[in-house]
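K.L.:
Next comes model-v5.txt, compact mmCIF, C-alpha atoms:
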```txt
# COMPACT_ATOMS: atom_id res chain seq x y z
CA MET A 1 -12.56 -39.44 -37.31
CA THR A 2 -13.06 -37.04 -34.47
CA LYS A 3 -15.79 -34.45 -34.20
CA LEU A 4 -14.85 -30.95 -33.10
CA TYR A 5 -17.28 -28.17 -32.34
CA ILE A 6 -15.84 -25.43 -34.53
CA HIS A 7 -18.72 -23.22 -35.63
CA PRO A 8 -20.86 -21.71 -32.84
CA LEU A 9 -24.57 -21.22 -33.52
CA GLN A 10 -24.24 -17.42 -33.86
CA VAL A 11 -21.55 -17.82 -36.51
CA ARG A 12 -23.60 -20.38 -38.43
CA ILE A 13 -26.69 -18.17 -38.43
CA TRP A 14 -24.59 -15.20 -39.47
CA HIS A 15 -22.85 -17.25 -42.19
CA TRP A 16 -26.01 -18.46 -43.90
CA ILE A 17 -27.76 -15.07 -43.73
CA ASN A 18 -24.58 -13.56 -45.12
CA ALA A 19 -24.38 -16.18 -47.88
CA ILE A 20 -27.94 -15.47 -49.05
CA CYS A 21 -27.43 -11.71 -48.81
CA VAL A 22 -24.10 -11.72 -50.68
CA LEU A 23 -25.49 -13.94 -53.42
CA ALA A 24 -28.54 -11.70 -53.83
CA LEU A 25 -26.40 -8.55 -53.73
CA VAL A 26 -23.99 -9.93 -56.34
CA LEU A 27 -26.83 -10.90 -58.70
CA THR A 28 -28.81 -7.67 -58.30
CA GLY A 29 -25.59 -5.65 -58.30
CA LEU A 30 -24.45 -7.15 -61.59
CA GLN A 31 -27.89 -6.50 -63.09
CA ILE A 32 -27.84 -2.87 -61.90
CA ARG A 33 -24.27 -2.18 -63.01
CA TYR A 34 -24.26 -4.12 -66.27
CA VAL A 35 -27.71 -3.35 -67.62
CA GLY A 36 -28.76 -5.93 -70.19
CA LEU A 37 -26.33 -8.61 -68.97
CA PHE A 38 -29.26 -10.50 -67.50
CA ASP A 39 -32.69 -9.59 -66.21
CA ILE A 40 -33.73 -11.47 -63.10
CA MET A 41 -36.29 -8.77 -62.33
CA SER A 42 -37.12 -5.23 -63.39
CA LEU A 43 -34.29 -2.74 -62.90
CA GLN A 44 -36.26 -0.71 -60.37
CA LEU A 45 -37.08 -3.82 -58.34
CA ALA A 46 -33.42 -4.93 -58.53
CA ILE A 47 -32.36 -1.55 -57.08
CA THR A 48 -34.95 -1.76 -54.29
CA VAL A 49 -34.01 -5.36 -53.44
CA HIS A 50 -30.29 -4.48 -53.59
CA ASN A 51 -30.79 -1.58 -51.14
CA TRP A 52 -32.90 -3.56 -48.67
CA ILE A 53 -30.60 -6.56 -48.68
CA GLY A 54 -27.67 -4.20 -48.26
CA PHE A 55 -29.16 -2.99 -44.98
CA ILE A 56 -29.86 -6.57 -43.85
CA LEU A 57 -26.21 -7.40 -44.56
CA LEU A 58 -25.17 -4.32 -42.59
CA GLY A 59 -27.16 -5.49 -39.55
CA ASN A 60 -25.82 -9.01 -39.98
CA PHE A 61 -22.27 -7.67 -40.11
CA PHE A 62 -22.76 -6.01 -36.73
CA ILE A 63 -24.07 -9.31 -35.31
CA TRP A 64 -20.86 -10.96 -36.50
CA LEU A 65 -18.73 -8.09 -35.15
CA SER A 66 -20.47 -8.14 -31.75
CA PHE A 67 -20.04 -11.90 -31.44
CA TYR A 68 -16.31 -11.77 -32.02
CA LEU A 69 -15.69 -8.59 -30.04
CA PHE A 70 -17.42 -10.00 -26.97
CA SER A 71 -16.18 -13.58 -27.06
CA ASP A 72 -12.79 -15.23 -26.71
CA LYS A 73 -13.23 -16.52 -30.29
CA ILE A 74 -11.87 -13.11 -31.29
CA LYS A 75 -8.51 -14.91 -31.38
CA ILE A 76 -9.60 -16.59 -34.62
CA TYR A 77 -9.19 -13.21 -36.32
CA HIS A 78 -5.93 -12.25 -34.64
CA PRO A 79 -3.03 -11.64 -37.02
CA GLU A 80 0.06 -13.82 -37.15
CA LEU A 81 2.74 -11.49 -35.80
CA ASN A 82 5.60 -13.76 -36.80
CA PRO A 83 6.16 -13.17 -40.56
CA LYS A 84 8.45 -16.19 -40.84
CA LYS A 85 5.74 -18.46 -39.45
CA PHE A 86 3.09 -16.80 -41.62
CA TYR A 87 5.03 -17.33 -44.86
CA ARG A 88 6.14 -20.83 -43.95
CA GLU A 89 2.53 -21.87 -43.27
CA SER A 90 1.12 -19.89 -46.19
CA PHE A 91 3.50 -21.39 -48.75
CA GLY A 92 2.89 -24.80 -47.23
CA GLN A 93 -0.85 -24.30 -47.59
CA ALA A 94 -0.52 -22.89 -51.11
CA GLY A 95 1.63 -25.91 -52.00
CA TYR A 96 -1.07 -28.20 -50.67
CA TYR A 97 -3.83 -26.46 -52.64
CA GLY A 98 -1.79 -26.25 -55.82
CA TRP A 99 0.02 -29.58 -55.77
CA GLY A 100 -0.24 -31.75 -52.66
CA ILE A 101 -4.00 -32.16 -52.75
CA TYR A 102 -3.80 -33.83 -56.16
CA ARG A 103 -1.23 -36.28 -54.87
CA GLY A 104 -3.25 -37.27 -51.82
CA ALA A 105 -1.17 -35.27 -49.34
CA LYS A 106 -2.64 -34.40 -45.96
CA ASN A 107 -3.82 -30.88 -45.26
CA PRO A 108 -0.96 -29.21 -43.33
CA HIS A 109 -3.47 -27.19 -41.31
CA HIS A 110 -4.99 -28.82 -38.24
CA MET A 111 -8.30 -27.20 -37.43
CA THR A 112 -9.18 -26.36 -33.82
CA PRO A 113 -11.95 -24.17 -32.38
CA TYR A 114 -9.50 -21.29 -31.84
CA ASN A 115 -7.52 -21.87 -35.01
CA LYS A 116 -10.09 -22.84 -37.57
CA PHE A 117 -8.55 -21.00 -40.52
CA ASN A 118 -5.31 -21.93 -42.20
CA ALA A 119 -2.72 -19.16 -42.66
CA LEU A 120 -4.07 -18.11 -46.09
CA GLN A 121 -7.72 -18.22 -45.05
CA LYS A 122 -6.97 -16.33 -41.87
CA SER A 123 -5.37 -13.37 -43.60
CA LEU A 124 -7.93 -13.38 -46.37
CA TYR A 125 -10.89 -13.40 -43.99
CA GLN A 126 -9.30 -10.72 -41.83
CA ILE A 127 -9.04 -8.52 -44.92
CA ILE A 128 -12.51 -9.40 -46.19
CA MET A 129 -14.38 -9.05 -42.92
CA LEU A 130 -12.62 -6.04 -41.47
CA LEU A 131 -11.62 -4.11 -44.55
CA VAL A 132 -13.42 -5.15 -47.72
CA ILE A 133 -16.93 -5.56 -46.31
CA PRO A 134 -16.78 -2.29 -44.30
CA VAL A 135 -15.58 -0.45 -47.42
CA GLN A 136 -18.35 -2.10 -49.46
CA ILE A 137 -20.95 -1.15 -46.82
CA ILE A 138 -19.75 2.46 -46.69
CA THR A 139 -19.62 2.89 -50.45
CA GLY A 140 -23.01 1.17 -50.71
CA ILE A 141 -24.59 3.59 -48.23
CA LEU A 142 -23.05 6.55 -50.08
CA LEU A 143 -24.40 5.30 -53.40
CA TRP A 144 -27.80 4.54 -51.86
CA ASP A 145 -28.42 8.26 -51.35
CA VAL A 146 -25.78 10.20 -53.26
CA GLU A 147 -27.48 13.56 -52.74
CA ARG A 148 -27.66 13.21 -48.98
CA PHE A 149 -24.01 12.15 -48.76
CA SER A 150 -22.78 14.41 -51.55
CA GLY A 151 -20.25 16.07 -49.23
CA ILE A 152 -18.57 12.79 -48.30
CA VAL A 153 -18.80 11.49 -51.87
CA GLY A 154 -17.08 14.67 -53.03
CA LEU A 155 -14.34 14.26 -50.44
CA LEU A 156 -13.72 10.71 -51.66
CA GLY A 157 -13.26 11.87 -55.25
CA GLY A 158 -16.80 11.86 -56.59
CA VAL A 159 -19.45 9.32 -57.56
CA ARG A 160 -17.24 7.72 -60.19
CA VAL A 161 -14.55 6.81 -57.63
CA VAL A 162 -17.04 5.54 -55.04
CA ASP A 163 -18.93 3.57 -57.68
CA THR A 164 -15.72 2.08 -59.10
CA VAL A 165 -14.60 0.90 -55.65
CA HIS A 166 -18.06 -0.57 -55.00
CA VAL A 167 -18.13 -2.38 -58.34
CA LEU A 168 -14.54 -3.65 -58.02
CA ILE A 169 -15.45 -5.19 -54.69
CA LEU A 170 -18.61 -6.62 -56.31
CA ILE A 171 -16.42 -8.27 -58.96
CA PHE A 172 -14.09 -9.55 -56.25
CA PHE A 173 -17.02 -11.09 -54.38
CA SER A 174 -18.40 -12.60 -57.58
CA GLY A 175 -15.13 -14.47 -58.02
CA PHE A 176 -14.66 -15.17 -54.33
CA LEU A 177 -18.01 -16.95 -54.16
CA PHE A 178 -16.76 -19.59 -56.60
CA ILE A 179 -13.42 -20.00 -54.78
CA HIS A 180 -15.20 -20.17 -51.44
CA VAL A 181 -17.61 -22.87 -52.60
CA TYR A 182 -14.77 -24.81 -54.26
CA LEU A 183 -12.65 -24.72 -51.08
CA ALA A 184 -15.71 -25.74 -49.06
CA THR A 185 -15.79 -29.00 -51.01
CA LEU A 186 -12.21 -29.93 -50.05
CA GLY A 187 -13.10 -31.71 -46.83
CA HIS A 188 -12.71 -35.46 -46.38
CA THR A 189 -15.94 -35.64 -48.40
CA ALA A 190 -17.26 -33.00 -50.81
CA THR A 191 -20.03 -31.96 -48.40
CA ALA A 192 -18.19 -32.36 -45.07
CA HIS A 193 -17.43 -28.65 -44.53
CA ILE A 194 -20.86 -27.58 -45.80
CA LYS A 195 -22.55 -30.02 -43.42
CA ALA A 196 -20.34 -28.68 -40.60
CA MET A 197 -21.62 -25.18 -41.27
CA PHE A 198 -25.10 -26.49 -40.43
CA THR A 199 -24.24 -28.71 -37.47
CA GLY A 200 -21.25 -26.81 -36.07
CA TYR A 201 -19.13 -29.99 -35.92
CA GLU A 202 -16.19 -30.55 -38.20
CA GLU A 203 -15.00 -34.09 -38.69
CA ILE A 204 -11.27 -34.20 -38.22
CA GLU A 205 -9.00 -37.06 -39.11
CA GLU A 206 -7.25 -38.64 -36.13
CA GLU A 207 -3.79 -37.19 -35.78
CA ASP A 208 -0.61 -38.87 -34.89
CA PRO A 209 0.02 -37.51 -31.37
CA LYS A 210 3.59 -36.55 -32.21
CA ASP A 211 2.37 -34.48 -35.17
CA SER A 212 -0.27 -32.56 -33.27
CA LYS A 213 1.65 -30.52 -30.78
CA GLU A 214 0.60 -27.20 -32.28
CA ASP A 215 -1.99 -25.09 -30.46
CA LYS A 216 -2.96 -27.94 -28.18
CA HIS A 217 -2.69 -25.71 -25.11
CA ASP A 218 -5.06 -23.13 -26.58
CA ASP A 219 -7.91 -25.43 -27.30
CA LYS A 220 -9.34 -27.12 -24.29
CA VAL A 221 -11.84 -29.30 -26.04
CA ILE A 222 -13.27 -32.68 -25.39
CA ARG A 223 -12.77 -34.83 -28.38
CA MET A 224 -14.99 -37.78 -29.13
CA SER A 225 -14.76 -40.55 -31.63
CA THR A 226 -17.62 -40.56 -34.10
CA SER A 227 -18.12 -44.21 -33.33
CA GLU A 228 -19.30 -43.26 -29.85
CA SER A 229 -22.66 -41.83 -28.92
CA PRO A 230 -23.72 -38.91 -31.10
CA SER A 231 -24.46 -36.56 -28.20
CA PRO A 232 -23.22 -32.97 -28.64
CA LEU A 233 -19.68 -32.13 -27.69
CA GLN A 234 -18.82 -29.46 -25.20
CA ILE A 235 -16.22 -26.76 -25.37
CA HIS A 236 -14.79 -25.54 -22.11
CA MET B 237 -18.12 -10.88 14.66
CA GLN B 238 -19.36 -8.13 16.97
CA ALA B 239 -22.93 -8.46 15.74
CA LEU B 240 -22.98 -12.15 16.56
CA ALA B 241 -21.25 -12.07 19.95
CA LYS B 242 -23.35 -13.62 22.71
CA VAL B 243 -23.05 -12.13 26.18
CA LEU B 244 -24.11 -13.78 29.44
CA VAL B 245 -24.73 -11.42 32.37
CA VAL B 246 -24.86 -13.06 35.81
CA ASP B 247 -26.26 -10.92 38.65
CA ASP B 248 -28.85 -11.52 41.37
CA ASP B 249 -30.10 -7.98 40.76
CA ALA B 250 -32.34 -8.14 37.69
CA VAL B 251 -31.86 -4.40 37.06
CA VAL B 252 -28.16 -4.98 36.34
CA GLY B 253 -28.98 -7.62 33.75
CA GLN B 254 -31.53 -5.32 32.13
CA SER B 255 -29.03 -2.46 32.04
CA PHE B 256 -26.41 -4.63 30.29
CA ASP B 257 -29.07 -5.84 27.90
CA ARG B 258 -30.14 -2.27 27.06
CA VAL B 259 -26.57 -1.08 26.49
CA LEU B 260 -25.20 -4.06 24.59
CA SER B 261 -28.27 -4.93 22.52
CA LYS B 262 -28.04 -1.50 20.90
CA LYS B 263 -24.52 -2.41 19.84
CA GLY B 264 -25.68 -5.61 18.20
CA TYR B 265 -24.73 -8.07 20.95
CA SER B 266 -27.09 -10.82 21.98
CA VAL B 267 -27.52 -10.63 25.75
CA SER B 268 -28.90 -13.29 28.06
CA THR B 269 -29.10 -13.01 31.84
CA ALA B 270 -28.87 -15.38 34.81
CA MET B 271 -29.84 -14.60 38.41
CA ASN B 272 -27.38 -16.98 40.08
CA GLY B 273 -24.29 -19.07 39.49
CA GLN B 274 -26.09 -22.37 38.89
CA GLU B 275 -28.41 -20.84 36.29
CA ALA B 276 -25.41 -19.18 34.67
CA LEU B 277 -23.50 -22.42 34.33
CA SER B 278 -26.45 -24.28 32.85
CA GLN B 279 -27.06 -21.42 30.40
CA PHE B 280 -23.40 -21.33 29.52
CA ALA B 281 -23.34 -25.09 28.91
CA GLY B 282 -26.05 -24.83 26.31
CA GLY B 283 -25.50 -21.32 24.99
CA LYS B 284 -21.95 -21.05 23.66
CA HIS B 285 -21.52 -17.52 24.99
CA ASP B 286 -18.62 -15.41 23.81
CA VAL B 287 -18.32 -13.19 26.90
CA VAL B 288 -19.52 -13.55 30.50
CA PHE B 289 -20.07 -10.68 32.97
CA THR B 290 -20.56 -11.84 36.53
CA ASP B 291 -21.25 -10.22 39.87
CA ILE B 292 -19.27 -11.54 42.82
CA LYS B 293 -21.71 -11.46 45.67
CA MET B 294 -24.64 -13.70 44.83
CA PRO B 295 -26.67 -16.22 46.81
CA GLY B 296 -25.20 -19.73 46.53
CA MET B 297 -22.25 -19.80 44.18
CA ASN B 298 -20.26 -16.56 44.12
CA GLY B 299 -18.98 -14.85 40.97
CA ILE B 300 -15.36 -15.95 41.46
CA GLU B 301 -16.47 -19.59 41.50
CA VAL B 302 -18.67 -18.99 38.45
CA ALA B 303 -15.67 -17.49 36.66
CA GLN B 304 -13.49 -20.39 37.78
CA ARG B 305 -15.91 -23.02 36.47
CA ILE B 306 -16.44 -21.23 33.19
CA LYS B 307 -12.70 -20.82 32.66
CA ALA B 308 -12.21 -24.51 33.49
CA LYS B 309 -14.78 -25.49 30.90
CA SER B 310 -13.88 -22.88 28.30
CA PRO B 311 -10.50 -21.22 28.98
CA TRP B 312 -10.73 -18.98 25.89
CA THR B 313 -14.01 -17.34 26.95
CA PRO B 314 -13.38 -13.92 28.51
CA VAL B 315 -15.04 -13.50 31.92
CA VAL B 316 -15.42 -10.01 33.39
CA VAL B 317 -16.09 -9.57 37.07
CA VAL B 318 -18.42 -6.74 38.00
CA THR B 319 -18.79 -5.95 41.68
CA GLY B 320 -19.74 -3.31 44.17
CA TYR B 321 -17.29 -4.89 46.58
CA GLY B 322 -13.99 -4.34 44.89
CA THR B 323 -11.64 -5.38 47.65
CA PRO B 324 -8.01 -6.23 46.92
CA ASP B 325 -8.70 -9.82 48.00
CA ASN B 326 -11.53 -10.18 45.50
CA GLU B 327 -9.44 -8.61 42.80
CA ALA B 328 -6.55 -10.97 43.53
CA ALA B 329 -8.87 -13.98 43.52
CA ALA B 330 -10.37 -12.92 40.22
CA ALA B 331 -6.92 -12.37 38.72
CA ALA B 332 -5.91 -15.84 39.88
CA VAL B 333 -8.88 -17.31 38.03
CA GLY B 334 -7.79 -15.43 34.90
CA VAL B 335 -10.63 -12.98 34.37
CA ALA B 336 -10.36 -10.58 31.51
CA ASP B 337 -11.27 -7.49 33.54
CA PHE B 338 -12.45 -6.38 36.92
CA LEU B 339 -15.07 -3.62 37.01
CA ARG B 340 -16.55 -1.75 39.91
CA LYS B 341 -20.17 -0.70 40.25
CA PRO B 342 -21.75 1.67 39.51
CA LEU B 343 -20.96 1.28 35.80
CA LEU B 344 -21.46 3.81 33.06
CA PRO B 345 -22.77 2.48 29.73
CA SER B 346 -19.60 3.75 28.07
CA ALA B 347 -17.50 1.64 30.42
CA ILE B 348 -19.44 -1.50 29.49
CA GLU B 349 -19.11 -0.71 25.79
CA GLU B 350 -15.41 -0.02 26.16
CA VAL B 351 -14.78 -3.32 27.94
CA MET B 352 -16.81 -5.23 25.38
CA GLU B 353 -14.96 -3.59 22.55
CA ARG B 354 -11.61 -4.37 24.10
CA ILE B 355 -12.23 -8.00 24.93
CA THR B 356 -14.00 -8.91 21.74
CA LYS B 357 -11.36 -7.21 19.65
CA LYS B 358 -9.00 -9.55 17.87
CA PRO B 359 -5.41 -9.60 19.05
CA ILE B 360 -3.39 -6.89 17.28
CA ILE B 361 -1.31 -9.36 15.30
CA GLU B 362 -4.41 -11.17 14.08
CA GLU B 363 -5.99 -7.86 13.16
CA LYS B 364 -2.88 -6.80 11.27
CA VAL B 365 -2.80 -10.09 9.40
CA SER B 366 -6.47 -9.64 8.46
CA GLU B 367 -5.81 -6.07 7.32
CA ILE B 368 -2.83 -7.14 5.21
CA ALA B 369 -4.80 -10.06 3.77
CA GLU B 370 -7.67 -7.72 2.91
CA GLU B 371 -5.30 -5.23 1.28
CA ALA B 372 -3.62 -8.04 -0.67
CA ARG B 373 -7.00 -9.31 -1.82
CA GLU B 374 -7.99 -5.81 -2.99
CA ILE B 375 -4.67 -5.35 -4.80
CA THR B 376 -5.04 -8.78 -6.46
CA GLU B 377 -8.60 -8.00 -7.48
CA ASP B 378 -7.58 -4.62 -8.92
CA ALA B 379 -4.62 -6.18 -10.73
CA SER B 380 -6.70 -8.99 -12.26
CA LYS B 381 -9.40 -6.47 -13.24
CA SER B 382 -6.87 -4.21 -14.97
CA MET B 383 -5.20 -7.27 -16.54
CA GLY B 384 -8.60 -8.38 -17.82
CA VAL B 385 -9.28 -4.92 -19.28
CA GLY B 386 -5.76 -4.84 -20.75
CA ARG B 387 -6.23 -8.27 -22.32
CA THR B 388 -9.58 -7.27 -23.81
CA LEU B 389 -8.12 -4.07 -25.26
CA LYS B 390 -5.17 -6.02 -26.67
CA ASN B 391 -7.55 -8.57 -28.25
CA ILE B 392 -9.64 -5.81 -29.83
CA GLY B 393 -6.53 -3.94 -30.99
CA LEU B 394 -5.14 -7.06 -32.66
CA PHE B 395 -8.57 -7.77 -34.19
CA PHE B 396 -8.73 -4.38 -35.91
CA ALA B 397 -5.03 -4.38 -36.82
CA ALA B 398 -5.36 -7.84 -38.42
CA PRO B 399 -6.57 -6.80 -41.91
CA PHE B 400 -3.75 -4.29 -42.32
CA ILE B 401 -1.11 -6.78 -41.21
CA GLY B 402 -2.74 -9.39 -43.50
CA LEU B 403 -2.75 -6.93 -46.37
CA ALA B 404 0.94 -6.15 -45.83
CA TYR B 405 1.71 -9.89 -45.84
CA PHE B 406 -0.26 -10.37 -49.07
CA ILE B 407 1.43 -7.43 -50.80
CA ALA B 408 4.82 -8.86 -49.84
CA PHE B 409 3.70 -12.40 -50.73
CA PRO B 410 4.92 -12.52 -54.37
CA PHE B 411 8.24 -10.89 -53.49
CA ILE B 412 8.84 -13.29 -50.63
CA GLY B 413 7.83 -16.15 -52.94
CA LEU B 414 10.27 -15.06 -55.64
CA GLY B 415 12.96 -14.55 -53.04
CA MET B 416 12.39 -18.06 -51.74
CA LEU B 417 12.58 -19.52 -55.26
CA VAL B 418 15.87 -17.73 -55.86
CA TRP B 419 17.15 -18.93 -52.49
CA TYR B 420 16.18 -22.53 -53.18
CA GLY B 421 17.71 -22.22 -56.65
CA ILE B 422 21.00 -20.99 -55.22
CA GLN B 423 20.93 -23.69 -52.55
CA ALA B 424 20.31 -26.35 -55.20
CA LEU B 425 23.09 -25.04 -57.45
CA THR B 426 25.66 -24.73 -54.70
CA GLY B 427 24.67 -28.14 -53.38
CA ARG B 428 25.11 -29.75 -56.79
CA SER B 429 28.44 -28.05 -57.51
CA GLY B 430 29.60 -29.08 -54.03
CA SER B 431 28.69 -32.71 -54.65
CA GLU B 432 30.36 -32.65 -58.12
CA ARG B 433 33.60 -31.60 -56.47
```
Translate this structure into structure tokens?

P.N.:
Amino acid sequence: MTKLYIHPLQVRIWHWINAICVLALVLTGLQIRYVGLFDIMSLQLAITVHNWIGFILLGNFFIWLSFYLFSDKIKIYHPELNPKKFYRESFGQAGYYGWGIYRGAKNPHHMTPYNKFNALQKSLYQIIMLLVIPVQIITGILLWDVERFSGIVGLLGGVRVVDTVHVLILIFFSGFLFIHVYLATLGHTATAHIKAMFTGYEEIEEEDPKDSKEDKHDDKVIRMSTSESPSPLQIH
Amino acid sequence: MQALAKVLVVDDDAVVGQSFDRVLSKKGYSVSTAMNGQEALSQFAGGKHDVVFTDIKMPGMNGIEVAQRIKAKSPWTPVVVVTGYGTPDNEAAAAAVGVADFLRKPLLPSAIEEVMERITKKPIIEEKVSEIAEEAREITEDASKSMGVGRTLKNIGLFFAAPFIGLAYFIAFPFIGLGMLVWYGIQALTGRSGSER
């Protein structure tokens, strides 16, 4: 096993704040939208909590955005411009998730600090972080004070349209949370990826040098065997 | 370079030394004076002067001999002879020693400045090389700055384009998947019929 510093501190802080906020927003959102489904708190309190946490998530989103815009890690969210490569890797990854993993196959994706997502994750997170969350934030702000933003709400087709979009994304996130947690348990141990999101270090299986030619030139990292001293690794 | 140049003025008349000091200090030169040849040589030995101005007629060692000894010790140091007795013989003797210039008293401050400027100036070729190197450095700096800005803009552009490209890939995903299945099916069928034959 080799340890690689994959998750910088800013990303980890953002991730866990985001996790708590999304969970709270999903729960309060479901209570607000589907009255009577469950009652964690009073409806009025659920609305207040939902609004406040929404603004915390908004601020947290800008922390995430600023980090990636002003660091070279922005490459993590760059699109794959070669469709052939994208589909080859995506189908390979889908095959691994759907079939290979149950037969003990190795994950076809080799994680590096500048290529931490596999092809499917990469596209999905690009869409979620730069499209779905911004849309959810905008619709959330519009619904927070419909009267104040009545002009924009009208332009978008009315409250019903804005609310439907907001709720559809809520449903998407409700499902995504389960998928996300499930995929997080697919490391070499069930808690390996979760632990990495606290420490920043992912434990990577040693690769056969002839199999690991991909992206080597992009990631100037110092690798260290876990059997050596546990001092932090450096990225240069 | 000019600000750090050290000048040694050798003249038995202290007023001459003071005049050089007044004129050249204003220009940023560091001026030291000697009243005779012996003092000049000992100052020069310990002072690492860049330019020497010397009078000819002095008690003891004359200016030509001072120039000769300095040039023997440090051939690259420019020595300027300054004299009120500018005879052709003196001028020829000074030229034989290899002085940088031969000036006649009385001297105007502008003449001293002009000589200093000329002899401390780098050779034209060296100056040109420096100018070209400076220009090249500026061009390189500008280019790397604009490349850096270009790279940053490209990174940000790709970052914001990513979800739309990803979305297009996902929309096409099932069609590409079906297409691939059909393709593999055809490949398998043609392969099997080929092997049957």

K.L.:
Using all atoms listed in the file for the distances, tell me which of A:Pro8, A:Gly157, A:Pro79, A:Gly29 is nearest to chain B.

P.N.:
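Closest to chain B of all the choices is A:Pro79.
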
K.L.:
For Tyr201 of chain A, work out the shell of residues within 6 Å, counting all atoms listed in the file and skipping chain neighbours fewer than 6 positions away, then give it as a list of chain:residue names.

P.N.:
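The neighbour list is A:Lys3, A:Leu4, A:Tyr5, A:Ile6.
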
K.L.:
Identify all chain A residues at most 6 Å from chain B by counting all atoms listed in the file; ligands do not count. Present them as a ChimeraX atom specification.

P.N.:
/A:77-79,123,126-127

K.L.:
What does the structure give for the distance between atom CA of Leu343 of chain B and atom CA of Met294 of chain B, in Å to one decimal?

P.N.:
17.9 Å

K.L.:
Rounded to one decimal in Å, what is the spacing between atom CA of Ile348 of chain B and atom CA of Glu275 of chain B?

P.N.:
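Computed distance, atom CA of Ile348 of chain B to atom CA of Glu275 of chain B, equals 22.4 Å.
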
K.L.:
Hey, which of A:Ala119, A:Ile63, A:Leu58, A:Ala105 ends up closest to Glu80 of chain A? Count only C-alpha atoms.

P.N.:
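The answer is A:Ala119, which sits nearest to Glu80 of chain A.
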
K.L.:
For atom CA of Ile300 of chain B and atom CA of Ala330 of chain B, quote the distance in Å rounded to one decimal.

P.N.:
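Here the two named atoms are 6.0 Å from each other.
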
K.L.:
Return the single residue from A:Ser71, A:Ser66, A:Thr199, A:Asn118 that is closest to Gly92 of chain A, with distances computed using only C-alpha atoms.

P.N.:
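Smallest separation from Gly92 of chain A among the options: A:Asn118.
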
K.L.:
For Ser150 of chain A, work out the shell of residues within 9 Å, counting only C-alpha atoms and skipping chain neighbours fewer than 6 positions away, then give it as a list of chain:residue names.

P.N.:
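Non-adjacent residues within range: A:Leu142, A:Gly158, A:Val159.
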
K.L.:
Of the candidates A:Met197, A:Leu177, A:Leu186, A:Val167, which one gets nearest to Tyr96 of chain A if we count only C-alpha atoms?

P.N.:
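Counting only C-alpha atoms, the residue closest to Tyr96 of chain A is A:Leu186.
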
K.L.:
Show me, as a PDB file with C-alpha atoms, in the frame of the given file, the residues that have an atom within 10 Å of segment 45-48 of chain A when counting only C-alpha atoms, minus same-chain residues fewer than 2 positions from it.

P.N.:
```
ATOM      1  CA  ALA A  24     -28.540 -11.700 -53.830  1.00  0.00           C
ATOM      2  CA  LEU A  25     -26.400  -8.550 -53.730  1.00  0.00           C
ATOM      3  CA  LEU A  27     -26.830 -10.900 -58.700  1.00  0.00           C
ATOM      4  CA  THR A  28     -28.810  -7.670 -58.300  1.00  0.00           C
ATOM      5  CA  GLY A  29     -25.590  -5.650 -58.300  1.00  0.00           C
ATOM      6  CA  LEU A  30     -24.450  -7.150 -61.590  1.00  0.00           C
ATOM      7  CA  GLN A  31     -27.890  -6.500 -63.090  1.00  0.00           C
ATOM      8  CA  ILE A  32     -27.840  -2.870 -61.900  1.00  0.00           C
ATOM      9  CA  ASP A  39     -32.690  -9.590 -66.210  1.00  0.00           C
ATOM     10  CA  ILE A  40     -33.730 -11.470 -63.100  1.00  0.00           C
ATOM     11  CA  MET A  41     -36.290  -8.770 -62.330  1.00  0.00           C
ATOM     12  CA  SER A  42     -37.120  -5.230 -63.390  1.00  0.00           C
ATOM     13  CA  LEU A  43     -34.290  -2.740 -62.900  1.00  0.00           C
ATOM     14  CA  HIS A  50     -30.290  -4.480 -53.590  1.00  0.00           C
ATOM     15  CA  ASN A  51     -30.790  -1.580 -51.140  1.00  0.00           C
ATOM     16  CA  TRP A  52     -32.900  -3.560 -48.670  1.00  0.00           C
ATOM     17  CA  ILE A  53     -30.600  -6.560 -48.680  1.00  0.00           C
ATOM     18  CA  GLY A  54     -27.670  -4.200 -48.260  1.00  0.00           C
ATOM     19  CA  TRP A 144     -27.800   4.540 -51.860  1.00  0.00           C
TER      20      TRP A 144
END
```
